[in-house]
>>> print(open('protein.cif').read())   # mmCIF, C-alpha atoms, pLDDT in the B column; chains and numbers go by the auth columns
data_coords
#
loop_
_atom_site.group_PDB
_atom_site.id
_atom_site.type_symbol
_atom_site.label_atom_id
_atom_site.label_comp_id
_atom_site.label_asym_id
_atom_site.label_seq_id
_atom_site.Cartn_x
_atom_site.Cartn_y
_atom_site.Cartn_z
_atom_site.B_iso_or_equiv
_atom_site.auth_seq_id
_atom_site.auth_asym_id
ATOM 1 C CA MET A 1 97.534 84.048 116.983 88.00 23 A
ATOM 2 C CA VAL A 2 96.575 87.317 115.251 96.00 24 A
ATOM 3 C CA PHE A 3 92.870 88.167 115.328 97.00 25 A
ATOM 4 C CA GLN A 4 90.839 90.085 112.742 98.00 26 A
ATOM 5 C CA LEU A 5 88.732 92.839 114.319 98.00 27 A
ATOM 6 C CA SER A 6 85.277 93.870 113.168 94.00 28 A
ATOM 7 C CA ARG A 7 84.702 97.504 112.203 92.00 29 A
ATOM 8 C CA GLU A 8 81.240 97.387 113.720 93.00 30 A
ATOM 9 C CA LEU A 9 81.688 95.583 117.035 95.00 31 A
ATOM 10 C CA ILE A 10 84.140 96.875 119.639 97.00 32 A
ATOM 11 C CA LEU A 11 85.544 93.573 120.823 95.00 33 A
ATOM 12 C CA PHE A 12 89.136 92.601 121.576 97.00 34 A
ATOM 13 C CA PRO A 13 90.587 89.138 122.174 97.00 35 A
ATOM 14 C CA ASP A 14 92.288 88.224 125.432 97.00 36 A
ATOM 15 C CA PRO A 15 95.589 90.189 125.345 97.00 37 A
ATOM 16 C CA ARG A 16 97.415 87.147 126.695 95.00 38 A
ATOM 17 C CA HIS A 17 96.916 85.523 123.269 97.00 39 A
ATOM 18 C CA ALA A 18 99.263 87.977 121.525 97.00 40 A
ATOM 19 C CA GLU A 19 102.146 86.692 119.423 98.00 41 A
ATOM 20 C CA SER A 20 105.634 86.558 120.927 96.00 42 A
ATOM 21 C CA ASP A 21 106.394 90.002 119.448 97.00 43 A
ATOM 22 C CA GLY A 22 103.247 91.439 121.026 98.00 44 A
ATOM 23 C CA LEU A 23 101.038 91.588 117.915 98.00 45 A
ATOM 24 C CA LEU A 24 97.475 90.710 118.885 98.00 46 A
ATOM 25 C CA ALA A 25 95.008 91.873 116.248 98.00 47 A
ATOM 26 C CA VAL A 26 94.508 93.680 112.965 98.00 48 A
ATOM 27 C CA GLY A 27 91.716 95.888 111.639 98.00 49 A
ATOM 28 C CA GLY A 28 88.936 97.786 113.337 97.00 50 A
ATOM 29 C CA ASP A 29 89.109 101.582 113.545 97.00 51 A
ATOM 30 C CA LEU A 30 90.355 104.421 115.748 98.00 52 A
ATOM 31 C CA ARG A 31 87.088 105.759 117.127 98.00 53 A
ATOM 32 C CA PRO A 32 87.401 106.918 120.759 98.00 54 A
ATOM 33 C CA GLU A 33 85.293 104.102 122.182 98.00 55 A
ATOM 34 C CA ARG A 34 87.523 101.451 120.612 98.00 56 A
ATOM 35 C CA LEU A 35 90.735 103.183 121.676 98.00 57 A
ATOM 36 C CA LEU A 36 89.579 103.449 125.286 98.00 58 A
ATOM 37 C CA ALA A 37 88.429 99.825 125.284 98.00 59 A
ATOM 38 C CA ALA A 38 91.855 98.809 123.977 98.00 60 A
ATOM 39 C CA TYR A 39 93.898 100.759 126.524 98.00 61 A
ATOM 40 C CA ARG A 40 91.775 99.411 129.368 98.00 62 A
ATOM 41 C CA ARG A 41 92.927 95.949 128.248 98.00 63 A
ATOM 42 C CA GLY A 42 96.560 96.957 127.883 98.00 64 A
ATOM 43 C CA ILE A 43 96.310 97.046 124.076 98.00 65 A
ATOM 44 C CA TYR A 44 97.489 99.891 121.841 98.00 66 A
ATOM 45 C CA PRO A 45 97.627 100.615 118.075 98.00 67 A
ATOM 46 C CA TRP A 46 100.961 100.924 116.286 96.00 68 A
ATOM 47 C CA TYR A 47 101.227 100.839 112.525 95.00 69 A
ATOM 48 C CA SER A 48 102.104 102.949 109.475 88.00 70 A
ATOM 49 C CA ASP A 49 100.243 104.212 106.419 84.00 71 A
ATOM 50 C CA ASP A 50 101.393 101.155 104.480 83.00 72 A
ATOM 51 C CA TYR A 51 99.585 98.730 106.818 89.00 73 A
ATOM 52 C CA PRO A 52 96.119 98.222 108.283 94.00 74 A
ATOM 53 C CA ILE A 53 95.660 99.117 111.954 97.00 75 A
ATOM 54 C CA LEU A 54 97.776 96.760 114.084 98.00 76 A
ATOM 55 C CA TRP A 55 97.057 96.228 117.791 98.00 77 A
ATOM 56 C CA TRP A 56 99.776 95.209 120.265 98.00 78 A
ATOM 57 C CA CYS A 57 100.154 93.913 123.800 98.00 79 A
ATOM 58 C CA PRO A 58 103.747 92.817 124.534 97.00 80 A
ATOM 59 C CA ASP A 59 104.730 90.559 127.418 98.00 81 A
ATOM 60 C CA PRO A 60 106.652 91.500 129.506 98.00 82 A
ATOM 61 C CA ARG A 61 105.587 95.164 129.594 98.00 83 A
ATOM 62 C CA PHE A 62 107.971 98.082 130.042 98.00 84 A
ATOM 63 C CA VAL A 63 106.576 100.492 132.659 98.00 85 A
ATOM 64 C CA LEU A 64 107.547 103.203 135.102 98.00 86 A
ATOM 65 C CA PHE A 65 106.047 103.508 138.553 98.00 87 A
ATOM 66 C CA PRO A 66 105.791 107.279 139.158 98.00 88 A
ATOM 67 C CA GLU A 67 107.086 107.151 142.726 98.00 89 A
ATOM 68 C CA GLU A 68 110.214 105.312 141.515 98.00 90 A
ATOM 69 C CA LEU A 69 111.320 108.045 139.093 98.00 91 A
ATOM 70 C CA ARG A 70 115.095 108.531 138.951 98.00 92 A
ATOM 71 C CA VAL A 71 116.496 111.935 137.973 98.00 93 A
ATOM 72 C CA SER A 72 120.180 112.512 137.267 97.00 94 A
ATOM 73 C CA HIS A 73 122.118 115.188 139.105 97.00 95 A
ATOM 74 C CA SER A 74 122.658 117.185 135.903 97.00 96 A
ATOM 75 C CA LEU A 75 118.948 117.138 135.086 98.00 97 A
ATOM 76 C CA LYS A 76 118.072 118.220 138.619 97.00 98 A
ATOM 77 C CA LYS A 77 120.350 121.234 138.162 97.00 99 A
ATOM 78 C CA LEU A 78 118.614 122.094 134.890 97.00 100 A
ATOM 79 C CA LEU A 79 115.196 121.811 136.535 97.00 101 A
ATOM 80 C CA HIS A 80 116.276 124.253 139.260 95.00 102 A
ATOM 81 C CA LYS A 81 117.421 126.752 136.632 95.00 103 A
ATOM 82 C CA GLY A 82 113.886 127.052 135.265 95.00 104 A
ATOM 83 C CA THR A 83 115.078 127.146 131.667 96.00 105 A
ATOM 84 C CA PHE A 84 111.749 125.775 130.434 98.00 106 A
ATOM 85 C CA ARG A 85 108.180 126.609 131.411 98.00 107 A
ATOM 86 C CA VAL A 86 106.042 123.458 131.492 98.00 108 A
ATOM 87 C CA THR A 87 102.308 123.383 130.759 98.00 109 A
ATOM 88 C CA VAL A 88 99.593 120.762 130.376 98.00 110 A
ATOM 89 C CA ASN A 89 97.136 120.561 127.475 98.00 111 A
ATOM 90 C CA SER A 90 97.993 123.986 126.094 98.00 112 A
ATOM 91 C CA ALA A 91 99.026 122.763 122.605 98.00 113 A
ATOM 92 C CA PHE A 92 97.944 119.146 122.160 98.00 114 A
ATOM 93 C CA ARG A 93 97.720 119.052 118.377 98.00 115 A
ATOM 94 C CA GLN A 94 101.001 120.947 118.042 98.00 116 A
ATOM 95 C CA VAL A 95 102.711 118.395 120.302 98.00 117 A
ATOM 96 C CA ILE A 96 101.406 115.303 118.535 98.00 118 A
ATOM 97 C CA LYS A 97 102.334 116.722 115.133 97.00 119 A
ATOM 98 C CA ALA A 98 105.827 117.527 116.407 98.00 120 A
ATOM 99 C CA CYS A 99 106.150 113.941 117.679 97.00 121 A
ATOM 100 C CA ALA A 100 105.254 112.742 114.185 95.00 122 A
ATOM 101 C CA LYS A 101 107.898 114.949 112.550 93.00 123 A
ATOM 102 C CA VAL A 102 110.903 114.478 114.811 84.00 124 A
ATOM 103 C CA PRO A 103 113.600 112.228 113.257 70.00 125 A
ATOM 104 C CA ARG A 104 114.272 108.993 115.157 60.00 126 A
ATOM 105 C CA ARG A 105 117.364 106.832 114.919 60.00 127 A
ATOM 106 C CA GLY A 106 116.787 103.676 112.884 50.00 128 A
ATOM 107 C CA GLN A 107 113.235 104.658 111.927 53.00 129 A
ATOM 108 C CA GLU A 108 111.979 105.873 108.567 55.00 130 A
ATOM 109 C CA GLY A 109 108.724 107.787 108.472 52.00 131 A
ATOM 110 C CA THR A 110 106.338 107.769 111.417 76.00 132 A
ATOM 111 C CA TRP A 111 103.677 105.595 112.991 85.00 133 A
ATOM 112 C CA ILE A 112 101.752 108.740 113.989 95.00 134 A
ATOM 113 C CA THR A 113 99.596 108.910 110.876 94.00 135 A
ATOM 114 C CA ALA A 114 97.100 111.667 110.054 94.00 136 A
ATOM 115 C CA ASP A 115 94.313 109.373 111.292 96.00 137 A
ATOM 116 C CA MET A 116 96.167 108.893 114.575 97.00 138 A
ATOM 117 C CA VAL A 117 96.561 112.655 114.997 98.00 139 A
ATOM 118 C CA ASP A 118 92.815 113.155 114.521 98.00 140 A
ATOM 119 C CA ALA A 119 91.886 110.221 116.783 98.00 141 A
ATOM 120 C CA TYR A 120 94.057 111.274 119.722 98.00 142 A
ATOM 121 C CA THR A 121 93.070 114.910 119.345 98.00 143 A
ATOM 122 C CA GLU A 122 89.477 113.777 119.785 98.00 144 A
ATOM 123 C CA LEU A 123 90.499 111.783 122.866 98.00 145 A
ATOM 124 C CA ASN A 124 92.091 114.956 124.216 98.00 146 A
ATOM 125 C CA LYS A 125 88.849 116.873 123.696 98.00 147 A
ATOM 126 C CA ARG A 126 87.053 114.153 125.681 98.00 148 A
ATOM 127 C CA GLY A 127 89.551 114.314 128.533 97.00 149 A
ATOM 128 C CA HIS A 128 91.297 111.014 127.823 98.00 150 A
ATOM 129 C CA ALA A 129 94.523 112.222 126.221 98.00 151 A
ATOM 130 C CA VAL A 130 96.952 114.765 127.623 98.00 152 A
ATOM 131 C CA SER A 131 99.895 116.737 126.296 98.00 153 A
ATOM 132 C CA VAL A 132 102.763 118.235 128.253 98.00 154 A
ATOM 133 C CA GLU A 133 104.636 121.170 126.743 98.00 155 A
ATOM 134 C CA ALA A 134 108.072 122.624 127.502 98.00 156 A
ATOM 135 C CA TRP A 135 108.340 126.246 126.393 98.00 157 A
ATOM 136 C CA GLN A 136 111.401 128.398 125.927 97.00 158 A
ATOM 137 C CA GLY A 137 110.007 131.898 125.844 95.00 159 A
ATOM 138 C CA ASN A 138 107.013 131.690 123.516 95.00 160 A
ATOM 139 C CA GLU A 139 108.450 128.820 121.466 98.00 161 A
ATOM 140 C CA LEU A 140 107.533 125.174 121.937 98.00 162 A
ATOM 141 C CA ALA A 141 110.817 123.433 122.753 98.00 163 A
ATOM 142 C CA GLY A 142 109.664 119.888 123.519 98.00 164 A
ATOM 143 C CA GLY A 143 106.924 117.794 124.981 98.00 165 A
ATOM 144 C CA LEU A 144 105.047 114.529 125.157 98.00 166 A
ATOM 145 C CA TYR A 145 101.541 113.115 124.974 98.00 167 A
ATOM 146 C CA GLY A 146 99.638 110.039 126.029 98.00 168 A
ATOM 147 C CA VAL A 147 96.320 108.523 127.037 98.00 169 A
ATOM 148 C CA VAL A 148 94.846 108.874 130.513 98.00 170 A
ATOM 149 C CA ILE A 149 92.210 106.601 132.029 98.00 171 A
ATOM 150 C CA GLY A 150 91.578 106.874 135.751 98.00 172 A
ATOM 151 C CA LYS A 151 94.977 106.771 137.460 98.00 173 A
ATOM 152 C CA CYS A 152 96.873 105.165 134.580 98.00 174 A
ATOM 153 C CA PHE A 153 98.962 107.059 132.042 98.00 175 A
ATOM 154 C CA PHE A 154 99.759 105.355 128.748 98.00 176 A
ATOM 155 C CA GLY A 155 102.697 107.181 127.204 98.00 177 A
ATOM 156 C CA GLU A 156 102.684 107.508 123.428 98.00 178 A
ATOM 157 C CA SER A 157 105.522 109.719 122.210 97.00 179 A
ATOM 158 C CA MET A 158 107.802 112.643 123.032 97.00 180 A
ATOM 159 C CA PHE A 159 109.937 115.102 121.108 97.00 181 A
ATOM 160 C CA ALA A 160 112.522 117.824 121.692 97.00 182 A
ATOM 161 C CA TRP A 161 113.538 120.713 119.449 97.00 183 A
ATOM 162 C CA GLU A 162 115.847 121.991 122.196 97.00 184 A
ATOM 163 C CA PRO A 163 118.235 119.742 124.212 97.00 185 A
ATOM 164 C CA ASN A 164 116.651 118.298 127.375 97.00 186 A
ATOM 165 C CA ALA A 165 113.280 120.006 126.797 98.00 187 A
ATOM 166 C CA SER A 166 111.317 116.753 126.671 98.00 188 A
ATOM 167 C CA LYS A 167 113.217 115.417 129.695 98.00 189 A
ATOM 168 C CA VAL A 168 112.199 118.430 131.754 98.00 190 A
ATOM 169 C CA ALA A 169 108.585 118.076 130.615 98.00 191 A
ATOM 170 C CA PHE A 170 108.630 114.361 131.448 98.00 192 A
ATOM 171 C CA VAL A 171 110.109 114.778 134.937 98.00 193 A
ATOM 172 C CA LYS A 172 107.715 117.580 135.874 98.00 194 A
ATOM 173 C CA PHE A 173 104.767 115.530 134.616 98.00 195 A
ATOM 174 C CA VAL A 174 105.822 112.360 136.446 98.00 196 A
ATOM 175 C CA GLU A 175 106.169 114.394 139.648 98.00 197 A
ATOM 176 C CA LEU A 176 102.600 115.587 139.069 98.00 198 A
ATOM 177 C CA LEU A 177 101.418 112.008 138.490 98.00 199 A
ATOM 178 C CA THR A 178 103.093 110.980 141.751 98.00 200 A
ATOM 179 C CA ALA A 179 101.274 113.755 143.620 97.00 201 A
ATOM 180 C CA GLN A 180 98.020 112.664 141.966 97.00 202 A
ATOM 181 C CA ARG A 181 98.680 109.080 143.121 97.00 203 A
ATOM 182 C CA PHE A 182 98.821 107.558 139.654 98.00 204 A
ATOM 183 C CA ARG A 183 99.453 103.833 139.722 98.00 205 A
ATOM 184 C CA ILE A 184 101.529 103.320 136.591 98.00 206 A
ATOM 185 C CA ILE A 185 103.035 104.802 133.437 98.00 207 A
ATOM 186 C CA ASP A 186 102.877 102.439 130.492 98.00 208 A
ATOM 187 C CA CYS A 187 106.001 102.988 128.385 98.00 209 A
ATOM 188 C CA GLN A 188 105.010 100.229 125.918 93.00 210 A
ATOM 189 C CA MET A 189 108.533 99.704 124.560 90.00 211 A
ATOM 190 C CA ARG A 190 111.881 99.747 126.354 95.00 212 A
ATOM 191 C CA THR A 191 114.286 102.571 125.574 94.00 213 A
ATOM 192 C CA GLU A 192 117.569 103.394 127.294 95.00 214 A
ATOM 193 C CA HIS A 193 116.197 106.895 127.832 92.00 215 A
ATOM 194 C CA LEU A 194 113.220 105.622 129.869 97.00 216 A
ATOM 195 C CA GLU A 195 115.278 102.958 131.609 98.00 217 A
ATOM 196 C CA ARG A 196 117.531 105.675 133.023 97.00 218 A
ATOM 197 C CA PHE A 197 114.412 107.294 134.497 98.00 219 A
ATOM 198 C CA GLY A 198 113.536 104.027 136.275 98.00 220 A
ATOM 199 C CA GLY A 199 111.609 102.112 133.637 98.00 221 A
ATOM 200 C CA GLN A 200 111.446 98.355 134.110 98.00 222 A
ATOM 201 C CA PHE A 201 109.876 95.216 132.685 98.00 223 A
ATOM 202 C CA ILE A 202 107.012 93.566 134.566 98.00 224 A
ATOM 203 C CA PRO A 203 104.979 90.473 133.618 98.00 225 A
ATOM 204 C CA LEU A 204 101.886 91.187 131.536 98.00 226 A
ATOM 205 C CA LYS A 205 99.692 89.558 134.177 98.00 227 A
ATOM 206 C CA ARG A 206 100.834 92.065 136.807 98.00 228 A
ATOM 207 C CA PHE A 207 100.487 94.956 134.351 98.00 229 A
ATOM 208 C CA LEU A 208 96.899 94.017 133.502 98.00 230 A
ATOM 209 C CA GLU A 209 95.999 93.709 137.190 98.00 231 A
ATOM 210 C CA ILE A 210 97.333 97.214 137.923 98.00 232 A
ATOM 211 C CA VAL A 211 95.631 98.726 134.872 98.00 233 A
ATOM 212 C CA GLY A 212 92.386 96.943 135.679 98.00 234 A
ATOM 213 C CA ARG A 213 92.249 98.644 139.084 98.00 235 A
ATOM 214 C CA GLY A 214 93.732 101.984 138.080 98.00 236 A
ATOM 215 C CA CYS A 215 91.443 102.634 135.122 98.00 237 A
ATOM 216 C CA ASP A 216 88.398 102.509 137.401 98.00 238 A
ATOM 217 C CA GLU A 217 89.633 105.331 139.631 97.00 239 A
ATOM 218 C CA PRO A 218 88.323 108.925 139.359 95.00 240 A
ATOM 219 C CA PRO A 219 89.612 111.225 136.576 93.00 241 A
ATOM 220 C CA THR A 220 92.221 113.905 137.221 92.00 242 A
ATOM 221 C CA GLU A 221 91.907 117.689 137.013 94.00 243 A
ATOM 222 C CA TRP A 222 95.041 119.022 135.300 97.00 244 A
ATOM 223 C CA PRO A 223 96.671 122.336 136.241 96.00 245 A
ATOM 224 C CA GLU A 224 97.664 124.643 133.384 94.00 246 A
ATOM 225 C CA ASP A 225 101.253 125.030 134.574 95.00 247 A
ATOM 226 C CA ILE A 226 103.466 122.546 136.438 95.00 248 A
#
>>> encode(input="protein.cif", output="structure tokens")
Amino acid sequence: MVFQLSRELILFPDPRHAESDGLLAVGGDLRPERLLAAYRRGIYPWYSDDYPILWWCPDPRFVLFPEELRVSHSLKKLLHKGTFRVTVNSAFRQVIKACAKVPRRGQEGTWITADMVDAYTELNKRGHAVSVEAWQGNELAGGLYGVVIGKCFFGESMFAWEPNASKVAFVKFVELLTAQRFRIIDCQMRTEHLERFGGQFIPLKRFLEIVGRGCDEPPTEWPEDI
């Protein structure tokens, strides 16, 4: 069943009532309080300019446990070379706009609308969204961004202008999350790319239990360089 959300009240239905494709609700808005309430319940927005705001919570959920990260031999060699310098939160808006622009196979346009850019930039200002940048010299070569609540990271998107730049940024960031004792990385949707890093499906019930505990843990102080 798909629920209609109020623009005034910040209320979400039980995520276990989502449709088989994960669609749970429609409507509402993207103010920070609603976004944080959604992510705490395992719900995220995904839509395009042609549609109203759509809210999703698929079951099973594709996730990565930071301590189970798998890195290929070739990528390890690239990491040791130090080809890219990796930073945190040094160019959030630049990263999210790049994620919106990068071409994706089998996808026309982008779900990262102008409203989404503004909403997640505001979350970043409030300490609940983070960007990771891979630099080659002074040029942004790749990166990723997502939402952070407590010890849970909810990945949103990544991009690369240079080969392997986003992979390096991702590995360095996951290693940081492991050191910070993060409980889970929500990948939302399965991709072969993330599966090679160790991504896996888990039942929604288990996902919600982990997120319920992890979101209540203390916030993280991010270093500038990793």
>>> resolve_selection(input="protein.cif", expression="the PyMOL selection byres ((chain A and resi 236) around 8)", output="ChimeraX atom specification")
/A:171-174,204-205,232-235,237-239
>>> resolve_selection(input="protein.cif", expression="the PyMOL selection byres ((chain A and resi 139) around 12)", output="JSON, numbers by chain")
{"A": [52, 53, 114, 115, 116, 117, 118, 119, 120, 121, 122, 123, 132, 133, 134, 135, 136, 137, 138, 140, 141, 142, 143, 144, 145, 146, 151, 167, 168, 178, 179]}
>>> residues_around(input="protein.cif", residues="A:Pro82", least_positions_apart="4", cutoff="8 Å", atoms="all atoms listed in the file", output="NGL selection string")
:A and (223-226)
>>> closest_residue(input="protein.cif", among="A:Phe106, A:Phe229, A:Phe84, A:Tyr73", to="A:Val193", atoms="only C-alpha atoms")
A:Phe106
>>> closest_residue(input="protein.cif", among="A:Ala60, A:His39, A:Ser112, A:Val190", to="A:Leu97", atoms="only C-alpha atoms")
A:Val190
>>> residues_around(input="protein.cif", residues="A:Lys98", least_positions_apart="3", cutoff="12 Å", atoms="only C-alpha atoms", output="MDAnalysis selection string")
chainID A and resid 92:95 101:105 186 189:190 193:194
>>> closest_residue(input="protein.cif", among="A:Leu230, A:Ile206, A:Leu33, A:Leu76", to="A:Glu90", atoms="all atoms listed in the file")
A:Ile206
>>> atom_distance(input="protein.cif", atom1="atom CA of A:Trp183", atom2="atom CA of A:Ala113")
15.0 Å
>>> closest_residue(input="protein.cif", among="A:Ile75, A:Leu45, A:Ala191, A:Ile65", to="A:Ser28", atoms="only C-alpha atoms")
A:Ile75
>>> closest_residue(input="protein.cif", among="A:Arg29, A:Arg203, A:His150, A:Lys227", to="A:Leu58", atoms="all atoms listed in the file")
A:His150
>>> closest_residue(input="protein.cif", among="A:Met180, A:Ala59, A:Ile32, A:Val124", to="A:Ser153", atoms="all atoms listed in the file")
A:Met180
>>> atom_distance(input="protein.cif", atom1="atom CA of A:Ala187", atom2="atom CA of A:Pro241")
27.1 Å
>>> atom_distance(input="protein.cif", atom1="atom CA of A:Pro37", atom2="atom CA of A:Phe181")
29.1 Å
>>> resolve_selection(input="protein.cif", expression="the PyMOL selection byres ((chain A and resi 164) around 7)", output="ChimeraX atom specification")
/A:155-156,162-163,165,181-184,187-188
>>> residues_around(input="protein.cif", residues="stretch 196-201 of chain A", least_positions_apart="5", cutoff="8 Å", atoms="all atoms listed in the file", output="tab-separated table (two decimals) with C-alpha atoms, keeping the file's coordinate frame")
chain	number	residue	atom	x	y	z
A	88	PRO	CA	105.79	107.28	139.16
A	89	GLU	CA	107.09	107.15	142.73
A	91	LEU	CA	111.32	108.04	139.09
A	248	ILE	CA	103.47	122.55	136.44
